[in-house]
>>> print(open('coords-v6.pdb').read())   # PDB, C-alpha atoms and all ligand atoms
ATOM      1  CA  MET A   1     118.235  93.551  90.073
ATOM      2  CA  ALA A   2     117.833  97.298  90.612
ATOM      3  CA  ASP A   3     120.699  99.104  92.339
ATOM      4  CA  SER A   4     120.210 101.849  94.909
ATOM      5  CA  LYS A   5     119.803 104.558  92.267
ATOM      6  CA  THR A   6     117.234 103.035  89.929
ATOM      7  CA  LEU A   7     113.503 102.467  89.717
ATOM      8  CA  GLU A   8     111.338 100.394  87.419
ATOM      9  CA  ILE A   9     109.228 102.752  85.326
ATOM     10  CA  SER A  10     106.134 101.987  83.267
ATOM     11  CA  GLU A  11     105.754 105.475  81.774
ATOM     12  CA  LEU A  12     106.599 109.136  82.343
ATOM     13  CA  PHE A  13     104.318 111.768  80.833
ATOM     14  CA  TYR A  14     102.967 115.293  81.169
ATOM     15  CA  SER A  15      99.206 115.685  81.590
ATOM     16  CA  ILE A  16      96.426 117.185  83.699
ATOM     17  CA  GLN A  17      96.162 115.995  87.289
ATOM     18  CA  GLY A  18      92.705 114.451  87.470
ATOM     19  CA  GLU A  19      92.017 112.919  90.878
ATOM     20  CA  SER A  20      92.819 114.901  94.028
ATOM     21  CA  THR A  21      92.569 118.389  95.506
ATOM     22  CA  PHE A  22      95.262 119.217  92.891
ATOM     23  CA  SER A  23      92.869 118.209  90.097
ATOM     24  CA  GLY A  24      93.119 120.444  87.041
ATOM     25  CA  PHE A  25      96.784 121.421  87.385
ATOM     26  CA  PRO A  26      99.372 120.427  84.772
ATOM     27  CA  CYS A  27     101.500 117.649  86.230
ATOM     28  CA  VAL A  28     104.389 115.343  85.371
ATOM     29  CA  PHE A  29     103.439 111.730  86.081
ATOM     30  CA  ILE A  30     105.979 109.047  86.939
ATOM     31  CA  ARG A  31     104.196 105.702  86.763
ATOM     32  CA  LEU A  32     106.187 102.950  88.463
ATOM     33  CA  SER A  33     105.840  99.291  87.519
ATOM     34  CA  GLY A  34     104.420  96.481  89.622
ATOM     35  CA  CYS A  35     101.459  96.118  91.937
ATOM     36  CA  ASN A  36     100.532  93.809  94.805
ATOM     37  CA  LEU A  37      96.744  94.073  94.262
ATOM     38  CA  HIS A  38      94.352  93.083  91.483
ATOM     39  CA  CYS A  39      91.465  95.561  91.580
ATOM     40  CA  SER A  40      88.472  94.617  89.446
ATOM     41  CA  TYR A  41      88.299  98.056  87.769
ATOM     42  CA  CYS A  42      92.046  98.690  87.342
ATOM     43  CA  ASP A  43      92.728 101.086  84.470
ATOM     44  CA  SER A  44      96.526 100.758  84.608
ATOM     45  CA  ARG A  45      96.894  96.978  84.492
ATOM     46  CA  TYR A  46      99.746  97.367  82.015
ATOM     47  CA  ALA A  47     101.843  98.860  84.822
ATOM     48  CA  MET A  48     101.837  95.500  86.607
ATOM     49  CA  GLU A  49     101.653  93.120  83.644
ATOM     50  CA  GLU A  50     104.414  94.587  81.481
ATOM     51  CA  GLN A  51     108.101  94.676  82.288
ATOM     52  CA  GLY A  52     109.128  98.198  83.281
ATOM     53  CA  ARG A  53     112.242 100.088  82.203
ATOM     54  CA  THR A  54     115.059 100.334  84.718
ATOM     55  CA  VAL A  55     115.859 104.042  84.934
ATOM     56  CA  GLN A  56     118.393 105.876  87.076
ATOM     57  CA  VAL A  57     117.063 108.523  89.435
ATOM     58  CA  ASP A  58     119.314 111.093  87.728
ATOM     59  CA  ASP A  59     117.649 110.359  84.384
ATOM     60  CA  ILE A  60     114.170 110.628  85.918
ATOM     61  CA  LEU A  61     115.168 114.018  87.337
ATOM     62  CA  ALA A  62     116.393 115.129  83.908
ATOM     63  CA  SER A  63     113.074 114.132  82.301
ATOM     64  CA  VAL A  64     111.113 115.963  84.984
ATOM     65  CA  ALA A  65     113.322 119.048  84.575
ATOM     66  CA  SER A  66     112.489 119.219  80.865
ATOM     67  CA  SER A  67     108.748 119.468  81.635
ATOM     68  CA  PRO A  68     107.133 122.761  82.665
ATOM     69  CA  GLY A  69     105.339 123.324  85.955
ATOM     70  CA  VAL A  70     106.162 122.288  89.484
ATOM     71  CA  LEU A  71     103.719 119.457  90.173
ATOM     72  CA  VAL A  72     104.967 115.855  89.986
ATOM     73  CA  GLU A  73     102.915 112.757  90.798
ATOM     74  CA  ILE A  74     104.436 109.346  91.469
ATOM     75  CA  THR A  75     101.869 106.645  90.825
ATOM     76  CA  GLY A  76     101.636 103.030  89.710
ATOM     77  CA  GLY A  77     101.019 100.210  90.015
ATOM     78  CA  GLU A  78     101.973 100.489  93.644
ATOM     79  CA  PRO A  79     104.971 102.825  93.989
ATOM     80  CA  LEU A  80     105.790 101.822  97.569
ATOM     81  CA  LEU A  81     106.861  98.379  96.347
ATOM     82  CA  GLN A  82     110.051  99.982  95.068
ATOM     83  CA  PRO A  83     112.648 100.588  97.776
ATOM     84  CA  ASN A  84     114.106 103.677  96.108
ATOM     85  CA  VAL A  85     110.850 105.601  95.864
ATOM     86  CA  ASN A  86     111.572 107.769  98.922
ATOM     87  CA  ALA A  87     114.999 108.634  97.511
ATOM     88  CA  LEU A  88     113.256 109.808  94.335
ATOM     89  CA  ILE A  89     110.780 111.876  96.369
ATOM     90  CA  GLU A  90     113.599 113.532  98.294
ATOM     91  CA  ARG A  91     115.460 114.402  95.098
ATOM     92  CA  LEU A  92     112.288 115.907  93.579
ATOM     93  CA  LEU A  93     111.601 117.942  96.714
ATOM     94  CA  ALA A  94     115.196 119.161  96.705
ATOM     95  CA  ILE A  95     114.741 120.723  93.249
ATOM     96  CA  GLY A  96     111.607 122.540  94.404
ATOM     97  CA  ARG A  97     108.909 120.261  93.013
ATOM     98  CA  THR A  98     105.527 119.742  94.657
ATOM     99  CA  VAL A  99     105.317 115.971  94.979
ATOM    100  CA  LEU A 100     102.210 113.792  95.126
ATOM    101  CA  ILE A 101     102.425 110.048  95.654
ATOM    102  CA  GLU A 102      99.429 107.816  95.122
ATOM    103  CA  THR A 103      99.380 104.504  96.999
ATOM    104  CA  ASN A 104      96.812 101.733  97.369
ATOM    105  CA  GLY A 105      96.976 101.831 101.185
ATOM    106  CA  SER A 106      98.176  98.253 101.615
ATOM    107  CA  LEU A 107     101.771  99.201 102.500
ATOM    108  CA  ASP A 108     103.237 101.296 105.299
ATOM    109  CA  ILE A 109     103.309 105.044 104.476
ATOM    110  CA  ALA A 110     105.274 106.035 107.601
ATOM    111  CA  ASP A 111     108.572 106.679 105.814
ATOM    112  CA  ILE A 112     107.204 108.943 103.072
ATOM    113  CA  PRO A 113     108.680 112.454 103.523
ATOM    114  CA  ILE A 114     106.195 114.800 105.182
ATOM    115  CA  GLU A 115     106.739 117.443 102.482
ATOM    116  CA  ALA A 116     105.179 115.084  99.921
ATOM    117  CA  THR A 117     101.404 114.742  99.694
ATOM    118  CA  VAL A 118     100.170 111.173  99.988
ATOM    119  CA  ILE A 119      96.974 110.273  98.154
ATOM    120  CA  MET A 120      95.931 107.060  99.871
ATOM    121  CA  ASP A 121      93.401 104.964  98.006
ATOM    122  CA  ILE A 122      91.469 102.917 100.570
ATOM    123  CA  LYS A 123      90.136  99.936  98.668
ATOM    124  CA  CYS A 124      86.406  99.259  98.979
ATOM    125  CA  PRO A 125      84.871  95.745  98.912
ATOM    126  CA  GLY A 126      83.833  96.162  95.258
ATOM    127  CA  SER A 127      87.498  96.368  94.236
ATOM    128  CA  GLY A 128      87.998  92.767  95.325
ATOM    129  CA  SER A 129      91.259  93.931  96.903
ATOM    130  CA  SER A 130      90.460  95.320 100.358
ATOM    131  CA  SER A 131      93.746  95.300 102.278
ATOM    132  CA  LEU A 132      94.402  98.431 104.331
ATOM    133  CA  PHE A 133      97.700  98.451 106.253
ATOM    134  CA  PRO A 134      96.302  99.011 109.786
ATOM    135  CA  ASP A 135      98.938 101.473 111.007
ATOM    136  CA  ASN A 136      98.229 103.808 108.090
ATOM    137  CA  ILE A 137      95.249 105.392 109.857
ATOM    138  CA  PRO A 138      97.309 106.562 112.882
ATOM    139  CA  THR A 139     100.082 107.561 110.481
ATOM    140  CA  ILE A 140      97.662 109.814 108.584
ATOM    141  CA  ARG A 141      96.766 111.498 111.900
ATOM    142  CA  LYS A 142     100.446 111.957 112.717
ATOM    143  CA  ARG A 143     101.198 113.375 109.259
ATOM    144  CA  ALA A 144      98.256 115.791 109.611
ATOM    145  CA  SER A 145      99.654 117.049 112.932
ATOM    146  CA  LEU A 146     103.021 117.707 111.254
ATOM    147  CA  ARG A 147     101.614 119.209 108.048
ATOM    148  CA  PRO A 148      97.834 119.633 107.552
ATOM    149  CA  GLY A 149      96.746 118.332 104.150
ATOM    150  CA  SER A 150      99.820 116.119 103.809
ATOM    151  CA  THR A 151      97.595 113.082 103.208
ATOM    152  CA  GLU A 152      94.403 112.805 101.179
ATOM    153  CA  VAL A 153      92.120 109.790 101.460
ATOM    154  CA  LYS A 154      90.467 108.469  98.332
ATOM    155  CA  PHE A 155      87.703 105.893  97.876
ATOM    156  CA  VAL A 156      86.882 104.484  94.438
ATOM    157  CA  LEU A 157      83.256 103.350  94.536
ATOM    158  CA  SER A 158      81.719 100.627  92.355
ATOM    159  CA  SER A 159      78.227 100.716  93.859
ATOM    160  CA  LEU A 160      75.943 102.129  96.540
ATOM    161  CA  GLN A 161      77.177  99.327  98.805
ATOM    162  CA  ASP A 162      80.745 100.609  98.377
ATOM    163  CA  TYR A 163      79.505 104.137  99.101
ATOM    164  CA  GLU A 164      77.918 103.018 102.372
ATOM    165  CA  TRP A 165      81.091 101.141 103.363
ATOM    166  CA  ALA A 166      83.235 104.192 102.603
ATOM    167  CA  ARG A 167      80.823 106.550 104.364
ATOM    168  CA  ASP A 168      81.073 104.439 107.513
ATOM    169  CA  MET A 169      84.882 104.407 107.273
ATOM    170  CA  VAL A 170      84.870 108.195 106.999
ATOM    171  CA  LEU A 171      82.549 108.660 109.966
ATOM    172  CA  VAL A 172      84.238 106.096 112.236
ATOM    173  CA  ASN A 173      87.695 107.535 111.599
ATOM    174  CA  GLY A 174      86.651 111.199 111.458
ATOM    175  CA  PHE A 175      88.761 111.741 108.333
ATOM    176  CA  PRO A 176      87.504 115.100 107.149
ATOM    177  CA  ALA A 177      88.862 116.693 110.329
ATOM    178  CA  PHE A 178      92.454 115.748 109.448
ATOM    179  CA  ALA A 179      92.552 114.586 105.825
ATOM    180  CA  PRO A 180      90.611 115.675 102.729
ATOM    181  CA  VAL A 181      88.341 112.852 101.524
ATOM    182  CA  LEU A 182      87.779 112.106  97.836
ATOM    183  CA  PHE A 183      84.879 109.945  96.593
ATOM    184  CA  SER A 184      85.258 108.783  93.007
ATOM    185  CA  PRO A 185      82.707 106.630  91.124
ATOM    186  CA  VAL A 186      83.911 103.828  88.859
ATOM    187  CA  LYS A 187      83.061 104.882  85.320
ATOM    188  CA  ASP A 188      80.116 102.961  83.796
ATOM    189  CA  LEU A 189      79.411 101.157  87.096
ATOM    190  CA  PHE A 190      78.197 103.754  89.593
ATOM    191  CA  PRO A 191      76.153 106.678  88.169
ATOM    192  CA  ILE A 192      77.570 110.063  89.198
ATOM    193  CA  LYS A 193      74.124 111.377  90.080
ATOM    194  CA  ASP A 194      73.484 108.454  92.450
ATOM    195  CA  LEU A 195      76.738 109.247  94.231
ATOM    196  CA  ALA A 196      75.946 112.964  94.390
ATOM    197  CA  ASP A 197      72.467 112.253  95.772
ATOM    198  CA  ALA A 198      73.878 109.926  98.451
ATOM    199  CA  ILE A 199      76.534 112.458  99.561
ATOM    200  CA  LEU A 200      73.934 115.214  99.834
ATOM    201  CA  ARG A 201      71.389 112.959 101.576
ATOM    202  CA  ASP A 202      73.960 111.989 104.219
ATOM    203  CA  ARG A 203      75.432 115.512 104.413
ATOM    204  CA  LEU A 204      78.846 113.920 104.068
ATOM    205  CA  PRO A 205      81.746 116.434 103.984
ATOM    206  CA  VAL A 206      83.617 114.737 101.155
ATOM    207  CA  ARG A 207      84.680 115.829  97.687
ATOM    208  CA  LEU A 208      82.956 114.125  94.759
ATOM    209  CA  GLN A 209      85.641 113.794  92.122
ATOM    210  CA  LEU A 210      85.558 112.580  88.552
ATOM    211  CA  GLN A 211      88.584 111.340  86.625
ATOM    212  CA  LEU A 212      89.218 114.609  84.817
ATOM    213  CA  HIS A 213      91.717 113.061  82.371
ATOM    214  CA  SER A 214      89.206 110.380  81.304
ATOM    215  CA  ILE A 215      86.637 113.100  80.581
ATOM    216  CA  ILE A 216      89.131 115.107  78.513
ATOM    217  CA  TRP A 217      90.620 112.073  76.692
ATOM    218  CA  PRO A 218      87.956 109.312  76.899
ATOM    219  CA  GLU A 219      89.580 107.151  74.217
ATOM    220  CA  THR A 220      93.162 107.409  75.492
ATOM    221  CA  LEU A 221      94.215 104.621  77.833
ATOM    222  CA  ARG A 222      97.851 105.566  78.490
ATOM    223  CA  GLY A 223      99.905 108.686  78.925
ATOM    224  CA  VAL A 224      97.106 110.889  80.289
TER     225      VAL A 224
HETATM  226  S1  LIG A 301      96.139  99.148  93.289
HETATM  227 FE1  LIG A 301      95.920 100.499  91.512
HETATM  228  S2  LIG A 301      97.368  99.688  89.975
HETATM  229 FE2  LIG A 301      97.097  98.098  91.544
HETATM  230  S3  LIG A 301      95.466  96.777  90.721
HETATM  231 FE3  LIG A 301      94.491  98.301  92.074
HETATM  232  S4  LIG A 301      93.883  99.999  90.697
HETATM  233 FE4  LIG A 301      95.396  98.723  89.578
END
>>> encode(input="coords-v6.pdb", output="structure tokens")
Amino acid sequence: MADSKTLEISELFYSIQGESTFSGFPCVFIRLSGCNLHCSYCDSRYAMEEQGRTVQVDDILASVASSPGVLVEITGGEPLLQPNVNALIERLLAIGRTVLIETNGSLDIADIPIEATVIMDIKCPGSGSSSLFPDNIPTIRKRASLRPGSTEVKFVLSSLQDYEWARDMVLVNGFPAFAPVLFSPVKDLFPIKDLADAILRDRLPVRLQLQLHSIIWPETLRGV
């Protein structure tokens, strides 16, 4: 049982941030163990299937301090499953790091410190895991009023049907006005050109993003 100063970690590594408006920057990644969803295209299944290491927050901070750069991303799995994640965020912010946290949108984001940038992955039907926590949409609006850009909304698209679902979500909720929107095609399932054509056809103000790390290191499945 984890005490108040530990988290369960799958891996900690230094790489290129590949999937947000911070894409391209060197970044320290803290991948936490465990997930409550089972997405069909998951590329980090090991983070939920393998037992993580129990690591004290102080030791995580020491590892981060030994890596260059200021950007740190907490990802998973689903990081919000771990009760001490906000304590880790606060400690990272206190030492001057720019903190990103990627979440699958199924859990409440209200308690995440406003200084951290939330990348909220809204699951499309093709994931087989659609489960948006309803209050997260008003919380994104509230976060935007406190700090513009403090939440980014991401859709991972398996097909044109997913694209149309995501497009309607964007238009109904008016996301681009208060949160950057990222559209990312699932590799080998949804051709990039088809997604680009659809975005341009619909004049949708979203960012087409590719998984930069999987382009740079196509054969590497962990630690990038
Ligand atoms: S939420 Fe993320 S880690 Fe969890 S199953 Fe889906 S893609 Fe994998």
>>> closest_residue(input="coords-v6.pdb", among="A:Arg141, A:Lys123, A:Arg31, A:Arg147", to="A:Tyr163", atoms="only C-alpha atoms")
A:Lys123
>>> atom_distance(input="coords-v6.pdb", atom1="atom CA of A:Ile114", atom2="atom CA of A:Asn84")
16.4 Å
>>> axis_aligned_box(input="coords-v6.pdb", around="ligand LIG 301 (chain A)", padding_each_side="3 Å", output="lines of an AutoDock Vina configuration file")
center_x = 95.6
center_y = 98.6
center_z = 91.4
size_x = 9.5
size_y = 9.7
size_z = 9.7
>>> resolve_selection(input="coords-v6.pdb", expression="the PyMOL selection byres (((chain A and resi 148) around 12) and not hetatm)", output="mmCIF file with C-alpha atoms, in the coordinates of the input")
data_model
loop_
_atom_site.group_PDB
_atom_site.id
_atom_site.type_symbol
_atom_site.label_atom_id
_atom_site.label_comp_id
_atom_site.auth_asym_id
_atom_site.auth_seq_id
_atom_site.Cartn_x
_atom_site.Cartn_y
_atom_site.Cartn_z
ATOM 1 C CA ILE A 114 106.195 114.800 105.182
ATOM 2 C CA GLU A 115 106.739 117.443 102.482
ATOM 3 C CA ALA A 116 105.179 115.084 99.921
ATOM 4 C CA THR A 117 101.404 114.742 99.694
ATOM 5 C CA VAL A 118 100.170 111.173 99.988
ATOM 6 C CA ILE A 140 97.662 109.814 108.584
ATOM 7 C CA ARG A 141 96.766 111.498 111.900
ATOM 8 C CA LYS A 142 100.446 111.957 112.717
ATOM 9 C CA ARG A 143 101.198 113.375 109.259
ATOM 10 C CA ALA A 144 98.256 115.791 109.611
ATOM 11 C CA SER A 145 99.654 117.049 112.932
ATOM 12 C CA LEU A 146 103.021 117.707 111.254
ATOM 13 C CA ARG A 147 101.614 119.209 108.048
ATOM 14 C CA GLY A 149 96.746 118.332 104.150
ATOM 15 C CA SER A 150 99.820 116.119 103.809
ATOM 16 C CA THR A 151 97.595 113.082 103.208
ATOM 17 C CA GLU A 152 94.403 112.805 101.179
ATOM 18 C CA PRO A 176 87.504 115.100 107.149
ATOM 19 C CA ALA A 177 88.862 116.693 110.329
ATOM 20 C CA PHE A 178 92.454 115.748 109.448
ATOM 21 C CA ALA A 179 92.552 114.586 105.825
ATOM 22 C CA PRO A 180 90.611 115.675 102.729
#
>>> closest_residue(input="coords-v6.pdb", among="A:Ser159, A:Thr6, A:Ser40, A:Thr139", to="ligand LIG 301 (chain A)", atoms="only C-alpha atoms and all ligand atoms")
A:Ser40
>>> residues_around(input="coords-v6.pdb", residues="stretch 10-27 of chain A", least_positions_apart="4", cutoff="9 Å", atoms="all atoms listed in the file", output="mmCIF file with C-alpha atoms, in the frame of the given file")
data_model
loop_
_atom_site.group_PDB
_atom_site.id
_atom_site.type_symbol
_atom_site.label_atom_id
_atom_site.label_comp_id
_atom_site.auth_asym_id
_atom_site.auth_seq_id
_atom_site.Cartn_x
_atom_site.Cartn_y
_atom_site.Cartn_z
ATOM 1 C CA ARG A 31 104.196 105.702 86.763
ATOM 2 C CA LEU A 32 106.187 102.950 88.463
ATOM 3 C CA SER A 33 105.840 99.291 87.519
ATOM 4 C CA GLY A 34 104.420 96.481 89.622
ATOM 5 C CA TYR A 46 99.746 97.367 82.015
ATOM 6 C CA ALA A 47 101.843 98.860 84.822
ATOM 7 C CA MET A 48 101.837 95.500 86.607
ATOM 8 C CA GLU A 50 104.414 94.587 81.481
ATOM 9 C CA GLN A 51 108.101 94.676 82.288
ATOM 10 C CA GLY A 52 109.128 98.198 83.281
ATOM 11 C CA ARG A 53 112.242 100.088 82.203
ATOM 12 C CA ILE A 60 114.170 110.628 85.918
ATOM 13 C CA SER A 63 113.074 114.132 82.301
ATOM 14 C CA VAL A 64 111.113 115.963 84.984
ATOM 15 C CA SER A 67 108.748 119.468 81.635
ATOM 16 C CA PRO A 68 107.133 122.761 82.665
ATOM 17 C CA GLY A 69 105.339 123.324 85.955
ATOM 18 C CA VAL A 70 106.162 122.288 89.484
ATOM 19 C CA LEU A 71 103.719 119.457 90.173
ATOM 20 C CA VAL A 72 104.967 115.855 89.986
ATOM 21 C CA GLU A 73 102.915 112.757 90.798
ATOM 22 C CA GLY A 76 101.636 103.030 89.710
ATOM 23 C CA GLY A 77 101.019 100.210 90.015
ATOM 24 C CA ILE A 119 96.974 110.273 98.154
ATOM 25 C CA GLU A 152 94.403 112.805 101.179
ATOM 26 C CA LYS A 154 90.467 108.469 98.332
ATOM 27 C CA PRO A 180 90.611 115.675 102.729
ATOM 28 C CA VAL A 181 88.341 112.852 101.524
ATOM 29 C CA LEU A 182 87.779 112.106 97.836
ATOM 30 C CA SER A 184 85.258 108.783 93.007
ATOM 31 C CA ARG A 207 84.680 115.829 97.687
ATOM 32 C CA GLN A 209 85.641 113.794 92.122
ATOM 33 C CA LEU A 210 85.558 112.580 88.552
ATOM 34 C CA GLN A 211 88.584 111.340 86.625
ATOM 35 C CA LEU A 212 89.218 114.609 84.817
ATOM 36 C CA HIS A 213 91.717 113.061 82.371
ATOM 37 C CA SER A 214 89.206 110.380 81.304
ATOM 38 C CA ARG A 222 97.851 105.566 78.490
ATOM 39 C CA GLY A 223 99.905 108.686 78.925
ATOM 40 C CA VAL A 224 97.106 110.889 80.289
#
>>> closest_residue(input="coords-v6.pdb", among="A:Val156, A:Ile101, A:Val55, A:Cys39", to="A:Ile122", atoms="all atoms listed in the file")
A:Val156
>>> closest_atom_pairs(input="coords-v6.pdb", of="chain A", to="ligand LIG 301 (chain A)", cutoff="6 Å", atoms="all atoms listed in the file", output="CSV")
residue,atom,partner,partner_atom,distance
A:Cys35,CA,A:LIG301,FE2,4.8
A:Leu37,CA,A:LIG301,S3,4.6
A:His38,CA,A:LIG301,S3,3.9
A:Cys39,CA,A:LIG301,FE3,4.1
A:Cys42,CA,A:LIG301,FE4,4.0
A:Ser44,CA,A:LIG301,FE4,5.5
A:Arg45,CA,A:LIG301,FE4,5.6
A:Gly76,CA,A:LIG301,S2,5.4
A:Gly77,CA,A:LIG301,S2,3.7
A:Glu78,CA,A:LIG301,FE2,5.8
A:Asn104,CA,A:LIG301,S1,4.9
>>> atom_distance(input="coords-v6.pdb", atom1="atom CA of A:Pro205", atom2="atom CA of A:Glu164")
14.0 Å
>>> atom_distance(input="coords-v6.pdb", atom1="atom CA of A:Pro138", atom2="atom CA of A:Trp165")
19.6 Å
>>> residues_near_point(input="coords-v6.pdb", point="(105.8, 99.2, 98.4)", cutoff="9 Å", atoms="all atoms listed in the file", output="list in words")
Cys35, Asn36, Glu78, Pro79, Leu80, Leu81, Gln82, Pro83, Val85, Thr103, Ser106, Leu107, Asp108 and Ile109 of chain A
>>> residues_near_point(input="coords-v6.pdb", point="(80.2, 103.1, 95.2)", cutoff="10 Å", atoms="all atoms listed in the file", output="list in words")
Cys124, Pro125, Gly126, Ser127, Phe155, Val156, Leu157, Ser158, Ser159, Leu160, Gln161, Asp162, Tyr163, Glu164, Trp165, Ala166, Arg167, Phe183, Ser184, Pro185, Val186, Leu189, Phe190, Pro191, Ile192, Asp194, Leu195 and Ala198 of chain A
>>> closest_residue(input="coords-v6.pdb", among="A:Ala65, A:Ile112, A:Leu221, A:Asp135", to="A:Ile95", atoms="only C-alpha atoms")
A:Ala65
>>> closest_residue(input="coords-v6.pdb", among="A:Met169, A:Ser66, A:Leu93, A:Tyr41", to="A:Gly128", atoms="only C-alpha atoms")
A:Tyr41
